[in-house]
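File shown: entry14.json. Contents: JSON, C-alpha atoms.
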```
[["chain", "number", "residue", "atom", "x", "y", "z"],
["U", 1, "PRO", "CA", 0.00, 0.00, 0.00],
["U", 2, "LYS", "CA", 1.10, 3.61, -0.69],
["U", 3, "ALA", "CA", -0.21, 7.03, 0.47],
["U", 4, "VAL", "CA", 0.56, 10.61, -0.69],
["U", 5, "SER", "CA", -0.06, 13.61, 1.56],
["U", 6, "ASN", "CA", -1.56, 16.92, 0.52],
["U", 7, "PRO", "CA", 1.01, 19.51, -0.67],
["U", 8, "VAL", "CA", 2.86, 21.23, 2.15],
["U", 9, "PHE", "CA", 4.03, 24.83, 1.66],
["U", 10, "LEU", "CA", 7.37, 25.58, 3.26],
["U", 11, "ALA", "CA", 7.87, 29.32, 3.94],
["U", 12, "LEU", "CA", 11.10, 30.45, 5.57],
["U", 13, "THR", "CA", 11.07, 34.06, 4.33],
["U", 14, "PRO", "CA", 8.88, 36.44, 6.35],
["U", 15, "PRO", "CA", 6.79, 39.15, 4.67],
["U", 16, "ALA", "CA", 8.84, 42.14, 3.50],
["U", 17, "ILE", "CA", 7.93, 45.82, 3.73],
["U", 18, "ALA", "CA", 9.75, 49.15, 3.33],
["U", 19, "ILE", "CA", 8.39, 52.41, 4.73],
["U", 20, "ARG", "CA", 9.68, 55.90, 3.87],
["U", 21, "ALA", "CA", 8.56, 59.46, 4.54],
["U", 22, "SER", "CA", 10.12, 62.70, 3.30],
["U", 23, "TYR", "CA", 9.29, 64.41, 6.61],
["U", 24, "LEU", "CA", 8.00, 63.36, 10.04],
["U", 25, "THR", "CA", 6.81, 66.66, 11.51],
["U", 26, "PHE", "CA", 3.62, 68.19, 10.14],
["U", 27, "SER", "CA", 0.86, 70.61, 11.10],
["U", 28, "PRO", "CA", -2.71, 69.64, 10.15],
["U", 29, "ASP", "CA", -3.97, 73.20, 10.50],
["U", 30, "GLY", "CA", -5.44, 73.70, 7.03],
["U", 31, "ASP", "CA", -2.89, 76.21, 5.74],
["U", 32, "GLY", "CA", -2.03, 74.03, 2.75],
["U", 33, "ARG", "CA", 1.57, 73.40, 3.88],
["U", 34, "LYS", "CA", 2.39, 69.97, 5.29],
["U", 35, "ASP", "CA", -1.18, 69.38, 6.41],
["U", 36, "THR", "CA", -0.75, 65.61, 6.01],
["U", 37, "LEU", "CA", 1.91, 62.99, 6.59],
["U", 38, "LYS", "CA", 2.67, 61.05, 3.42],
["U", 39, "SER", "CA", 4.24, 57.62, 3.81],
["U", 40, "GLU", "CA", 5.62, 55.84, 0.75],
["U", 41, "GLN", "CA", 5.62, 52.08, 1.33],
["U", 42, "SER", "CA", 6.09, 48.89, -0.64],
["U", 43, "SER", "CA", 5.77, 45.26, 0.40],
["U", 44, "SER", "CA", 5.63, 41.65, -0.63],
["U", 45, "SER", "CA", 2.25, 40.27, -1.67],
["U", 46, "GLU", "CA", 0.42, 38.87, 1.33],
["U", 47, "GLU", "CA", -3.21, 38.16, 2.06],
["U", 48, "THR", "CA", -3.51, 41.22, 4.31],
["U", 49, "TRP", "CA", -1.38, 44.02, 5.71],
["U", 50, "GLU", "CA", -2.44, 46.07, 8.72],
["U", 51, "GLY", "CA", -1.35, 49.70, 9.10],
["U", 52, "ALA", "CA", -2.07, 51.88, 12.14],
["U", 53, "ILE", "CA", -1.15, 55.18, 13.75],
["U", 54, "LEU", "CA", -0.47, 54.82, 17.48],
["U", 55, "ASP", "CA", -0.08, 57.50, 20.12],
["U", 56, "ARG", "CA", 2.65, 57.64, 22.77],
["U", 57, "SER", "CA", 0.76, 55.15, 25.02],
["U", 58, "GLY", "CA", 0.29, 52.66, 22.19],
["U", 59, "LYS", "CA", -3.39, 53.38, 21.62],
["U", 60, "VAL", "CA", -4.54, 53.02, 18.01],
["U", 61, "VAL", "CA", -5.57, 56.39, 16.63],
["U", 62, "VAL", "CA", -6.41, 55.34, 13.08],
["U", 63, "LYS", "CA", -5.91, 52.13, 11.12],
["U", 64, "ARG", "CA", -6.10, 50.78, 7.60],
["U", 65, "THR", "CA", -6.11, 47.32, 6.00],
["U", 66, "PHE", "CA", -4.39, 46.51, 2.71],
["U", 67, "THR", "CA", -5.03, 43.38, 0.64],
["U", 68, "GLU", "CA", -2.11, 41.72, -1.09],
["U", 69, "GLY", "CA", 0.45, 44.59, -1.17],
["U", 70, "VAL", "CA", 0.50, 47.87, 0.73],
["U", 71, "LEU", "CA", -0.31, 51.22, -0.86],
["U", 72, "PRO", "CA", 0.96, 54.71, -0.01],
["U", 73, "PHE", "CA", -0.49, 55.85, 3.30],
["U", 74, "GLU", "CA", -1.49, 59.46, 4.00],
["U", 75, "TRP", "CA", -2.59, 60.66, 7.43],
["U", 76, "ASP", "CA", -4.41, 63.95, 7.89],
["U", 77, "GLY", "CA", -3.82, 64.09, 11.64],
["U", 78, "ARG", "CA", -7.33, 62.93, 12.55],
["U", 79, "ASP", "CA", -8.48, 60.00, 14.66],
["U", 80, "LEU", "CA", -11.14, 57.37, 13.89],
["U", 81, "ALA", "CA", -13.87, 59.85, 14.85],
["U", 82, "GLY", "CA", -12.55, 62.50, 12.46],
["U", 83, "ASN", "CA", -11.14, 64.79, 15.15],
["U", 84, "VAL", "CA", -7.70, 66.37, 14.90],
["U", 85, "VAL", "CA", -5.47, 64.56, 17.37],
["U", 86, "PRO", "CA", -3.67, 66.47, 20.15],
["U", 87, "ASP", "CA", -0.18, 67.77, 19.46],
["U", 88, "GLY", "CA", 2.42, 65.17, 20.33],
["U", 89, "THR", "CA", 4.54, 62.27, 19.12],
["U", 90, "TYR", "CA", 3.06, 59.33, 17.22],
["U", 91, "ARG", "CA", 4.26, 56.31, 15.27],
["U", 92, "TYR", "CA", 3.07, 54.40, 12.23],
["U", 93, "ARG", "CA", 3.11, 50.60, 12.41],
["U", 94, "ALA", "CA", 2.56, 48.18, 9.52],
["U", 95, "GLY", "CA", 2.65, 44.39, 9.74],
["U", 96, "SER", "CA", 1.54, 41.10, 8.25],
["U", 97, "THR", "CA", 1.58, 37.35, 9.08],
["U", 98, "ASP", "CA", 1.87, 34.90, 6.20],
["U", 99, "GLU", "CA", 0.23, 31.45, 5.98],
["U", 100, "ALA", "CA", 3.24, 29.86, 7.65],
["U", 101, "GLY", "CA", 2.98, 32.15, 10.65],
["U", 102, "ASN", "CA", 5.95, 34.34, 9.81],
["U", 103, "LEU", "CA", 5.36, 37.82, 11.27],
["U", 104, "THR", "CA", 6.85, 41.12, 10.09],
["U", 105, "ILE", "CA", 6.30, 44.46, 11.76],
["U", 106, "ARG", "CA", 7.89, 47.74, 10.72],
["U", 107, "GLU", "CA", 7.48, 51.16, 12.32],
["U", 108, "LEU", "CA", 7.94, 54.77, 11.36],
["U", 109, "THR", "CA", 8.69, 56.49, 14.66],
["U", 110, "ASN", "CA", 8.94, 60.09, 15.94],
["U", 111, "ILE", "CA", 6.00, 61.38, 13.93],
["U", 112, "VAL", "CA", 5.26, 64.82, 15.39],
["U", 113, "VAL", "CA", 1.91, 66.61, 15.15],
["U", 114, "ASP", "CA", 2.33, 70.32, 15.90],
["U", 115, "THR", "CA", -0.56, 72.72, 15.29],
["U", 116, "ARG", "CA", 0.75, 75.62, 17.40],
["U", 117, "PRO", "CA", 0.48, 79.01, 15.67],
["U", 118, "THR", "CA", 3.78, 80.70, 14.81],
["U", 119, "PRO", "CA", 3.36, 84.49, 14.94],
["U", 120, "VAL", "CA", 6.55, 86.52, 14.39],
["U", 121, "THR", "CA", 7.45, 90.17, 14.94],
["U", 122, "ILE", "CA", 9.93, 92.61, 13.41],
["U", 123, "ILE", "CA", 10.37, 96.14, 14.80],
["U", 124, "ALA", "CA", 12.80, 98.86, 13.75],
["U", 125, "ALA", "CA", 14.77, 100.31, 16.65],
["U", 126, "ASP", "CA", 14.84, 103.78, 15.05],
["U", 127, "LYS", "CA", 12.71, 105.69, 12.58],
["U", 128, "THR", "CA", 15.70, 107.33, 10.88],
["U", 129, "PHE", "CA", 19.37, 106.55, 10.37],
["U", 130, "SER", "CA", 22.25, 108.19, 8.55],
["U", 131, "PRO", "CA", 24.84, 105.78, 7.08],
["U", 132, "ASN", "CA", 27.38, 108.46, 6.16],
["U", 133, "GLY", "CA", 30.36, 107.06, 8.07],
["U", 134, "ASP", "CA", 30.48, 109.71, 10.78],
["U", 135, "GLY", "CA", 30.07, 107.14, 13.53],
["U", 136, "ARG", "CA", 26.62, 108.37, 14.52],
["U", 137, "PHE", "CA", 23.42, 106.57, 13.54],
["U", 138, "ASP", "CA", 25.29, 104.74, 10.76],
["U", 139, "THR", "CA", 23.17, 101.60, 11.12],
["U", 140, "VAL", "CA", 19.62, 100.67, 11.99],
["U", 141, "LYS", "CA", 18.71, 97.61, 14.03],
["U", 142, "PHE", "CA", 15.63, 95.46, 13.49],
["U", 143, "PHE", "CA", 14.40, 93.49, 16.49],
["U", 144, "VAL", "CA", 13.32, 90.03, 15.31],
["U", 145, "ARG", "CA", 11.15, 87.86, 17.58],
["U", 146, "THR", "CA", 9.53, 84.44, 17.16],
["U", 147, "THR", "CA", 7.03, 82.85, 19.55],
["U", 148, "ILE", "CA", 8.32, 79.38, 18.65],
["U", 149, "SER", "CA", 12.06, 79.17, 18.15],
["U", 150, "GLU", "CA", 12.47, 75.43, 17.61],
["U", 151, "GLY", "CA", 11.93, 73.76, 14.27],
["U", 152, "ILE", "CA", 12.89, 76.76, 12.12],
["U", 153, "SER", "CA", 14.16, 75.55, 8.76],
["U", 154, "SER", "CA", 15.01, 78.98, 7.31],
["U", 155, "TRP", "CA", 14.34, 82.70, 7.74],
["U", 156, "THR", "CA", 14.84, 85.91, 5.78],
["U", 157, "VAL", "CA", 14.62, 89.64, 6.45],
["U", 158, "GLU", "CA", 14.07, 91.63, 3.27],
["U", 159, "ILE", "CA", 14.60, 95.40, 3.09],
["U", 160, "ALA", "CA", 12.44, 97.00, 0.40],
["U", 161, "ASP", "CA", 12.21, 100.58, -0.86],
["U", 162, "ARG", "CA", 9.03, 102.63, -1.24],
["U", 163, "ASP", "CA", 8.25, 100.92, -4.58],
["U", 164, "GLY", "CA", 8.61, 97.44, -3.10],
["U", 165, "ARG", "CA", 11.99, 96.69, -4.69],
["U", 166, "ILE", "CA", 14.14, 94.54, -2.42],
["U", 167, "VAL", "CA", 17.53, 96.18, -1.91],
["U", 168, "ARG", "CA", 18.99, 93.91, 0.77],
["U", 169, "THR", "CA", 18.27, 90.43, 2.12],
["U", 170, "PHE", "CA", 19.47, 88.78, 5.32],
["U", 171, "ALA", "CA", 18.99, 85.02, 5.70],
["U", 172, "GLY", "CA", 19.70, 82.21, 8.10],
["U", 173, "GLY", "CA", 18.71, 78.77, 9.35],
["U", 174, "PRO", "CA", 18.16, 76.06, 10.08],
["U", 175, "GLY", "CA", 17.91, 76.85, 13.76],
["U", 176, "PRO", "CA", 16.55, 79.68, 15.91],
["U", 177, "ILE", "CA", 17.16, 83.35, 15.16],
["U", 178, "THR", "CA", 19.71, 84.29, 17.80],
["U", 179, "ASP", "CA", 20.65, 87.84, 16.75],
["U", 180, "ASP", "CA", 18.82, 90.96, 15.67],
["U", 181, "VAL", "CA", 19.38, 92.21, 12.12],
["U", 182, "VAL", "CA", 21.55, 95.30, 11.60],
["U", 183, "TRP", "CA", 21.47, 97.15, 8.26],
["U", 184, "ASP", "CA", 24.29, 99.50, 7.27],
["U", 185, "GLY", "CA", 22.33, 101.22, 4.48],
["U", 186, "ARG", "CA", 23.99, 99.31, 1.64],
["U", 187, "ASP", "CA", 22.34, 97.21, -1.04],
["U", 188, "ALA", "CA", 23.18, 93.66, -2.08],
["U", 189, "SER", "CA", 26.12, 94.84, -4.22],
["U", 190, "GLY", "CA", 27.65, 96.81, -1.36],
["U", 191, "ALA", "CA", 26.72, 100.22, -2.83],
["U", 192, "ALA", "CA", 25.05, 102.86, -0.70],
["U", 193, "ALA", "CA", 21.28, 102.74, -0.98],
["U", 194, "PRO", "CA", 19.60, 106.01, -2.00],
["U", 195, "GLU", "CA", 17.84, 108.23, 0.50],
["U", 196, "GLY", "CA", 14.24, 107.37, 1.14],
["U", 197, "ALA", "CA", 11.84, 105.27, 3.18],
["U", 198, "TYR", "CA", 12.42, 101.53, 3.58],
["U", 199, "LYS", "CA", 10.42, 98.71, 5.14],
["U", 200, "ALA", "CA", 11.56, 95.37, 6.51],
["U", 201, "ARG", "CA", 9.71, 92.07, 6.06],
["U", 202, "LEU", "CA", 10.40, 88.93, 8.11],
["U", 203, "THR", "CA", 9.66, 85.46, 6.72],
["U", 204, "VAL", "CA", 10.16, 82.34, 8.86],
["U", 205, "SER", "CA", 9.71, 78.81, 7.49],
["U", 206, "TYR", "CA", 9.18, 75.94, 9.92],
["U", 207, "ASP", "CA", 9.90, 72.23, 9.52],
["U", 208, "LYS", "CA", 6.26, 71.47, 10.34],
["U", 209, "GLY", "CA", 5.06, 73.50, 7.35],
["U", 210, "ASN", "CA", 4.14, 76.85, 8.86],
["U", 211, "LEU", "CA", 5.23, 79.94, 6.94],
["U", 212, "ALA", "CA", 5.11, 83.09, 9.07],
["U", 213, "VAL", "CA", 5.38, 86.46, 7.31],
["U", 214, "GLN", "CA", 5.36, 89.85, 9.06],
["U", 215, "GLU", "CA", 6.15, 93.34, 7.80],
["U", 216, "ALA", "CA", 7.38, 96.04, 10.15],
["U", 217, "GLU", "CA", 4.57, 98.44, 11.02],
["U", 218, "SER", "CA", 6.58, 101.59, 10.35],
["U", 219, "SER", "CA", 9.15, 102.44, 7.71],
["U", 220, "VAL", "CA", 12.72, 103.58, 8.31],
["U", 221, "SER", "CA", 14.08, 106.72, 6.66],
["U", 222, "LEU", "CA", 17.60, 106.58, 5.24],
["U", 223, "ASP", "CA", 18.80, 110.18, 5.60],
["U", 224, "THR", "CA", 22.34, 111.32, 4.77],
["U", 225, "THR", "CA", 21.79, 115.03, 4.06],
["U", 226, "GLY", "CA", 20.94, 117.95, 6.30],
["U", 227, "PRO", "CA", 17.61, 119.78, 6.37],
["U", 228, "LYS", "CA", 16.60, 121.68, 3.25],
["U", 229, "ILE", "CA", 16.44, 125.31, 4.41],
["U", 230, "THR", "CA", 14.28, 127.92, 2.72],
["U", 231, "VAL", "CA", 14.42, 131.59, 3.80],
["U", 232, "ALA", "CA", 11.86, 134.32, 3.11],
["U", 233, "LEU", "CA", 12.48, 137.90, 4.28],
["U", 234, "LYS", "CA", 9.59, 140.33, 4.76],
["U", 235, "GLY", "CA", 10.16, 144.05, 5.40],
["U", 236, "ILE", "CA", 12.91, 144.82, 2.89],
["U", 237, "PRO", "CA", 14.33, 147.45, 2.71],
["U", 238, "PHE", "CA", 14.72, 147.31, 6.48],
["U", 239, "SER", "CA", 14.79, 150.67, 8.30],
["U", 240, "PRO", "CA", 14.38, 150.35, 12.08],
["U", 241, "ASP", "CA", 13.98, 154.11, 12.67],
["U", 242, "LYS", "CA", 10.58, 153.93, 14.34],
["U", 243, "ASP", "CA", 8.87, 155.82, 11.56],
["U", 244, "GLY", "CA", 6.24, 153.10, 11.23],
["U", 245, "THR", "CA", 7.55, 151.81, 7.88],
["U", 246, "ASN", "CA", 9.59, 148.56, 7.73],
["U", 247, "ASP", "CA", 10.70, 149.00, 11.32],
["U", 248, "LEU", "CA", 10.72, 145.25, 11.81],
["U", 249, "LEU", "CA", 12.28, 142.50, 9.69],
["U", 250, "THR", "CA", 10.42, 139.19, 9.54],
["U", 251, "ILE", "CA", 12.63, 136.18, 8.85],
["U", 252, "GLY", "CA", 10.61, 133.18, 7.71],
["U", 253, "MET", "CA", 12.40, 129.81, 7.70],
["U", 254, "THR", "CA", 11.22, 126.35, 6.64],
["U", 255, "MET", "CA", 13.29, 123.23, 7.13],
["U", 256, "GLU", "CA", 12.38, 120.02, 5.33],
["U", 257, "ASP", "CA", 13.97, 116.75, 6.38],
["U", 258, "PRO", "CA", 12.94, 113.09, 6.80],
["U", 259, "SER", "CA", 14.36, 113.30, 10.32],
["U", 260, "PRO", "CA", 13.21, 115.74, 12.99],
["U", 261, "VAL", "CA", 15.17, 119.01, 13.14],
["U", 262, "LEU", "CA", 17.22, 118.80, 16.31],
["U", 263, "LEU", "CA", 18.46, 122.38, 16.45],
["U", 264, "TRP", "CA", 18.95, 125.48, 14.28],
["U", 265, "ASN", "CA", 20.85, 128.75, 14.45],
["U", 266, "ALA", "CA", 20.24, 132.09, 12.73],
["U", 267, "ASP", "CA", 23.19, 134.50, 12.99],
["U", 268, "ILE", "CA", 23.21, 138.10, 11.75],
["U", 269, "VAL", "CA", 26.72, 139.30, 10.89],
["U", 270, "ASP", "CA", 27.68, 142.98, 10.46],
["U", 271, "PRO", "CA", 29.63, 144.37, 7.47],
["U", 272, "ALA", "CA", 32.95, 143.75, 9.24],
["U", 273, "GLY", "CA", 32.14, 140.05, 9.65],
["U", 274, "THR", "CA", 31.44, 140.31, 13.38],
["U", 275, "PRO", "CA", 28.45, 138.46, 14.86],
["U", 276, "PHE", "CA", 25.78, 141.05, 15.62],
["U", 277, "ALA", "CA", 22.63, 139.14, 16.64],
["U", 278, "ALA", "CA", 21.88, 135.47, 17.11],
["U", 279, "PHE", "CA", 18.79, 133.30, 17.37],
["U", 280, "SER", "CA", 18.50, 129.55, 17.97],
["U", 281, "GLY", "CA", 15.90, 126.92, 18.68],
["U", 282, "LYS", "CA", 14.72, 123.34, 18.26],
["U", 283, "GLY", "CA", 12.32, 121.86, 15.74],
["U", 284, "ASN", "CA", 10.91, 123.66, 12.72],
["U", 285, "PRO", "CA", 11.24, 127.39, 13.54],
["U", 286, "ALA", "CA", 8.46, 129.93, 13.63],
["U", 287, "PRO", "CA", 9.07, 133.26, 11.82],
["U", 288, "LEU", "CA", 11.58, 135.53, 13.59],
["U", 289, "VAL", "CA", 10.88, 139.22, 14.07],
["U", 290, "TRP", "CA", 13.99, 141.42, 14.43],
["U", 291, "ASP", "CA", 14.03, 145.08, 15.47],
["U", 292, "GLY", "CA", 17.53, 145.79, 14.17],
["U", 293, "ARG", "CA", 19.28, 145.64, 17.51],
["U", 294, "SER", "CA", 21.92, 143.36, 18.91],
["U", 295, "ALA", "CA", 21.65, 141.47, 22.17],
["U", 296, "ASP", "CA", 23.35, 144.48, 23.82],
["U", 297, "GLY", "CA", 20.83, 146.90, 22.36],
["U", 298, "GLU", "CA", 23.12, 148.32, 19.65],
["U", 299, "LEU", "CA", 21.26, 149.50, 16.54],
["U", 300, "VAL", "CA", 22.33, 148.46, 13.05],
["U", 301, "GLN", "CA", 24.41, 150.83, 10.97],
["U", 302, "SER", "CA", 22.56, 152.84, 8.40],
["U", 303, "ALA", "CA", 22.81, 151.94, 4.70],
["U", 304, "GLU", "CA", 24.89, 148.85, 5.36],
["U", 305, "ASP", "CA", 24.34, 145.23, 4.34],
["U", 306, "TYR", "CA", 24.12, 142.60, 7.06],
["U", 307, "ARG", "CA", 24.53, 138.91, 6.34],
["U", 308, "LEU", "CA", 22.12, 136.23, 7.59],
["U", 309, "ASP", "CA", 23.67, 132.79, 8.21],
["U", 310, "ILE", "CA", 21.28, 129.94, 8.98],
["U", 311, "SER", "CA", 22.38, 126.43, 9.91],
["U", 312, "ALA", "CA", 20.47, 123.35, 11.05],
["U", 313, "MET", "CA", 21.14, 119.82, 12.25],
["U", 314, "ASP", "CA", 18.68, 116.94, 12.14],
["U", 315, "SER", "CA", 18.25, 114.22, 14.75],
["U", 316, "VAL", "CA", 20.79, 111.88, 13.10],
["U", 317, "GLY", "CA", 23.58, 114.47, 12.89],
["U", 318, "ASN", "CA", 23.24, 115.72, 9.29],
["U", 319, "ARG", "CA", 24.00, 119.44, 8.94],
["U", 320, "SER", "CA", 23.19, 122.08, 6.34],
["U", 321, "ALA", "CA", 23.55, 125.87, 6.04],
["U", 322, "VAL", "CA", 22.42, 128.77, 3.84],
["U", 323, "THR", "CA", 23.36, 132.44, 3.66],
["U", 324, "SER", "CA", 21.09, 135.36, 2.78]]
```

Show me the file's structure as structure tokens.
Amino acid sequence: PKAVSNPVFLALTPPAIAIRASYLTFSPDGDGRKDTLKSEQSSSSEETWEGAILDRSGKVVVKRTFTEGVLPFEWDGRDLAGNVVPDGTYRYRAGSTDEAGNLTIRELTNIVVDTRPTPVTIIAADKTFSPNGDGRFDTVKFFVRTTISEGISSWTVEIADRDGRIVRTFAGGPGPITDDVVWDGRDASGAAAPEGAYKARLTVSYDKGNLAVQEAESSVSLDTTGPKITVALKGIPFSPDKDGTNDLLTIGMTMEDPSPVLLWNADIVDPAGTPFAAFSGKGNPAPLVWDGRSADGELVQSAEDYRLDISAMDSVGNRSAVTS
């Protein structure tokens, strides 16, 4: 007598699977940047494969079953009930058991869900600066602040002119922004930027997908010249003889400058070049009224020309002067 058994399948090789992801930190906050975790995976053909997202305690958050071979797996950060999971660390596990009982389990660990907002701030330390090399107000500092400093992949601070043209860019990362940005008034080529108003814009890119952009609220004036002085004299010819006609000289002065006028001087010089009368003040001056006398009460000489010297300095040290 002779007997033949049913075929016996001998399987020594366990199921095979490979799991890859281009990033592990994401932010399912709906901003369109890294809102999902995309896992590329490939496997041997088995009857079933089980894939699941587990939280730190090992609880299954979401799961999926694949027949025969696995397919790419994409997680939107939600649990089985459709709710966004709490921020934290998770892992993806995929496994299969073949007919011979061989078990294979692979994991993608350190998956981070981070939905924290990432507001940033940039503030100019001064409203005006004067990069003229005199050692005073030659640079302007921008205070850069981030609410979340970890996970920064890159950052930039762009300085743009009034027309929106970017004249200078500062960049850094990966890593936190450790220093404030200081601009010396030069463009990307190293040439001096023209006078005018400039604004700074901060852009911070995070590993988790957030892109934070903030423009400084106020502009910064690049000012390398002194105030523009305009003089208007009223009461010429001037004859302070108390006859009721042109007894007083009105000196009108306007001073235009992107920076506040710190101080000004108006000096009247006699024909011999000796200072005769002097006026000074701060800010944009009101019209001066002169009665033709010096500080000591001396009256001007008749039929002689007196010179008017006006000088001004703005708040960043730029000076200018005119003579009438």

Under the rule that only C-alpha atoms are counted, which of U:Lys228, U:Lys234, U:Arg145, U:Arg186 is the nearest residue to Val289 of chain U?
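With only C-alpha atoms as the atom set, the closest residue is U:Lys234.
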
Taking 4 positions as the minimum chain separation for residues in the same chain, which residues sit within 9 Å of segment 37-50 of chain U when counting only C-alpha atoms? Answer as an NGL selection string.
:U and (15-28 or 63-77 or 93-99 or 108 or 111)

Determine, counting all atoms listed in the file, every residue of protein, DNA or RNA that lies within 6 Å of (17.5, 103.5, 5.6) in the file coordinates, then give the result as a PyMOL selection string.
chain U and resi 129+185+198+220-222

Report, in Å with one decimal, the straight-line distance from atom CA of Asp243 of chain U to atom CA of Thr274 of chain U.
27.4 Å

Hey, which of U:Asn132, U:Thr118, U:Thr13, U:Thr178 ends up closest to Val213 of chain U? Count only C-alpha atoms.
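Comparing U:Asn132, U:Thr118, U:Thr13, U:Thr178 against Val213 of chain U, the winner is U:Thr118.
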
Could you tell me, as a list in words, which residues have any atom at most 7 Å from (12.1, 84.0, 13.5), counting all atoms listed in the file?
Val120, Val144, Arg145, Thr146, Ser149, Trp155, Pro176, Ile177 and Val204 of chain U

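Proximity to Pro260 of chain U was assessed for U:Ala286, U:Ile229, U:Ala212, U:Met313 counting all atoms listed in the file; the smallest distance is recorded for U:Met313.
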
Near Ile310 of chain U, within 12 Å and counting all atoms listed in the file, which residues show up once chain neighbours fewer than 5 positions away are dropped, as JSON, numbers by chain?
{"U": [227, 228, 229, 230, 231, 232, 251, 252, 253, 254, 255, 263, 264, 265, 266, 267, 268, 269, 278, 279, 280, 281, 285, 319, 320, 321, 322, 323, 324]}

Atom CA of Asp184 of chain U to atom CA of Glu150 of chain U: how many Å, to one decimal?
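Those two atoms sit 28.7 Å apart.
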
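Note that the spacing between atom CA of Pro14 of chain U and atom CA of Ala100 of chain U amounts to 8.8 Å.
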
Residues at most 10 Å from segment 209-211 of chain U, counting all atoms listed in the file, excluding those fewer than 3 positions away in the same chain, as a ChimeraX atom specification?
/U:25-29,31-36,114-119,151-155,203-206

Considering only C-alpha atoms, can you say which of U:Ala11, U:Val112, U:Val157, U:Leu262 comes closest to Ile53 of chain U?
U:Val112

May I ask which of the residues U:Glu304, U:Ile166, U:Asn110, U:Asn318 is the closest one to Gly135 of chain U, counting all atoms listed in the file?
U:Asn318

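Minimum distance to Thr121 of chain U across U:Thr139, U:Ser311, U:Thr147, U:Asn83 (counting only C-alpha atoms) occurs at U:Thr147.
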
Nearby residues (all atoms listed in the file) at most 10 Å from Pro271 of chain U, same-chain spacing under 6 positions excluded, as an mmCIF file with C-alpha atoms, in the coordinates of the input:
```
data_model
loop_
_atom_site.group_PDB
_atom_site.id
_atom_site.type_symbol
_atom_site.label_atom_id
_atom_site.label_comp_id
_atom_site.auth_asym_id
_atom_site.auth_seq_id
_atom_site.Cartn_x
_atom_site.Cartn_y
_atom_site.Cartn_z
ATOM 1 C CA GLN U 301 24.410 150.830 10.970
ATOM 2 C CA GLU U 304 24.890 148.850 5.360
ATOM 3 C CA ASP U 305 24.340 145.230 4.340
ATOM 4 C CA TYR U 306 24.120 142.600 7.060
ATOM 5 C CA ARG U 307 24.530 138.910 6.340
#
```
